[in-house]
file start.txt (compact mmCIF, C-alpha atoms)
# COMPACT_ATOMS: atom_id res chain seq x y z
CA MET T 8 35.96 -5.07 -70.17
CA LYS T 9 37.40 -7.45 -67.63
CA TYR T 10 39.88 -10.08 -68.68
CA THR T 11 37.74 -12.76 -67.05
CA VAL T 12 34.85 -11.98 -69.40
CA VAL T 13 37.09 -12.33 -72.45
CA ARG T 14 38.65 -15.51 -71.04
CA TYR T 15 35.22 -17.04 -70.44
CA ALA T 16 34.20 -16.19 -74.01
CA ALA T 17 37.37 -17.72 -75.40
CA CYS T 18 36.88 -20.96 -73.48
CA ARG T 19 33.11 -21.46 -73.60
CA GLY T 20 31.87 -19.20 -76.35
CA THR T 21 30.34 -15.77 -76.30
CA ILE T 22 27.04 -15.53 -74.49
CA PRO T 23 24.24 -13.97 -76.56
CA ARG T 24 23.89 -10.81 -74.47
CA ARG T 25 27.58 -9.95 -74.99
CA LYS T 26 27.79 -10.63 -78.74
CA LYS T 27 26.46 -7.20 -79.68
CA LYS T 28 28.92 -5.41 -77.40
CA PHE T 29 31.92 -7.47 -78.50
CA ALA T 30 30.95 -7.13 -82.16
CA SER T 31 30.81 -3.34 -81.94
CA ILE T 32 34.15 -3.13 -80.10
CA LEU T 33 35.87 -5.51 -82.52
CA CYS T 34 34.16 -4.07 -85.63
CA ILE T 35 32.92 -7.48 -86.77
CA PRO T 36 29.45 -8.87 -87.54
CA GLU T 37 27.74 -10.67 -84.65
CA ARG T 38 27.34 -13.82 -86.74
CA PHE T 39 31.14 -14.32 -86.69
CA PHE T 40 30.82 -15.39 -83.05
CA ASP T 41 28.76 -18.39 -84.08
CA VAL T 42 30.53 -19.52 -87.24
CA ILE T 43 32.97 -18.13 -89.77
CA TYR T 44 33.97 -19.86 -92.96
CA SER T 45 37.29 -19.67 -94.78
CA LYS T 46 35.55 -17.96 -97.70
CA GLU T 47 34.75 -15.08 -95.29
CA LEU T 48 38.37 -14.40 -94.36
CA CYS T 49 38.51 -11.48 -96.81
CA GLU T 50 35.57 -9.92 -94.99
CA LEU T 51 37.32 -10.51 -91.66
CA GLU T 52 40.44 -8.79 -93.03
CA LYS T 53 38.30 -5.75 -93.91
CA CYS T 54 36.94 -5.79 -90.35
CA LYS T 55 40.50 -5.79 -89.06
CA GLU T 56 41.34 -2.75 -91.18
CA LYS T 57 38.21 -0.99 -89.91
CA PHE T 58 39.24 -1.84 -86.31
CA TYR T 59 42.74 -0.41 -86.83
CA ASP T 60 41.36 2.68 -88.58
CA TYR T 61 38.88 3.30 -85.76
CA TYR T 62 41.20 2.79 -82.77
CA GLY T 63 44.55 3.66 -84.35
CA GLU T 64 47.94 2.41 -83.21
CA THR T 65 47.82 4.43 -79.98
CA GLY T 66 44.44 3.04 -78.94
CA ILE T 67 45.47 -0.53 -79.71
CA LEU T 68 48.68 -0.17 -77.70
CA LYS T 69 46.64 1.13 -74.75
CA MET T 70 44.34 -1.91 -75.04
CA ARG T 71 47.33 -4.26 -75.04
CA LYS T 72 48.84 -2.59 -71.96
CA LEU T 73 45.53 -2.76 -70.14
CA ALA T 74 45.09 -6.42 -71.06
CA SER T 75 48.59 -7.31 -69.88
CA LYS T 76 47.95 -5.56 -66.54
CA GLN T 77 44.72 -7.52 -66.09
CA ILE T 78 46.48 -10.80 -66.85
CA LYS T 79 49.16 -10.11 -64.23
CA ASN T 80 46.57 -9.29 -61.56

call {"tool": "encode", "arguments": {"input": "start.txt", "output": "structure tokens"}}
result
Amino acid sequence: MKYTVVRYAACRGTIPRRKKKFASILCIPERFFDVIYSKELCELEKCKEKFYDYYGETGILKMRKLASKQIKN
């Protein structure tokens, strides 16, 4: 996914057609893109664990390297 897409989402919100894709990549429910309450932070923590379990440390490091390359370009 291009950095510009993520940057647009961070600034203006996630467009509906991308929510499903982002949600599956990030291992979070789609509804979190619209609103998340402090009482749901435990659920978000579980999503984080699922994300780390799925991608592992190696996969996450690759994502970070790729993101940093895209930022520099």

call {"tool": "residues_around", "arguments": {"input": "start.txt", "residues": "T:Tyr61", "least_positions_apart": "5", "cutoff": "12 Å", "atoms": "all atoms listed in the file", "output": "compact mmCIF listing (two decimals) with C-alpha atoms, in the coordinates of the input"}}
result
# COMPACT_ATOMS: atom_id res chain seq x y z
CA SER T 31 30.81 -3.34 -81.94
CA ILE T 32 34.15 -3.13 -80.10
CA LEU T 33 35.87 -5.51 -82.52
CA CYS T 34 34.16 -4.07 -85.63
CA CYS T 54 36.94 -5.79 -90.35
CA LYS T 55 40.50 -5.79 -89.06
CA GLU T 56 41.34 -2.75 -91.18
CA GLY T 66 44.44 3.04 -78.94
CA ILE T 67 45.47 -0.53 -79.71

call {"tool": "residues_around", "arguments": {"input": "start.txt", "residues": "T:Phe39", "least_positions_apart": "5", "cutoff": "12 Å", "atoms": "all atoms listed in the file", "output": "list in words"}}
result
Gly20, Thr21, Lys26, Lys27, Phe29, Ala30, Ser31, Leu33, Cys34, Tyr44, Ser45, Glu47, Leu48, Glu50, Leu51 and Cys54 of chain T

call {"tool": "atom_distance", "arguments": {"input": "start.txt", "atom1": "atom CA of T:Arg25", "atom2": "atom CA of T:Val13"}}
result
10.1 Å

call {"tool": "atom_distance", "arguments": {"input": "start.txt", "atom1": "atom CA of T:Arg24", "atom2": "atom CA of T:Pro36"}}
result
14.3 Å
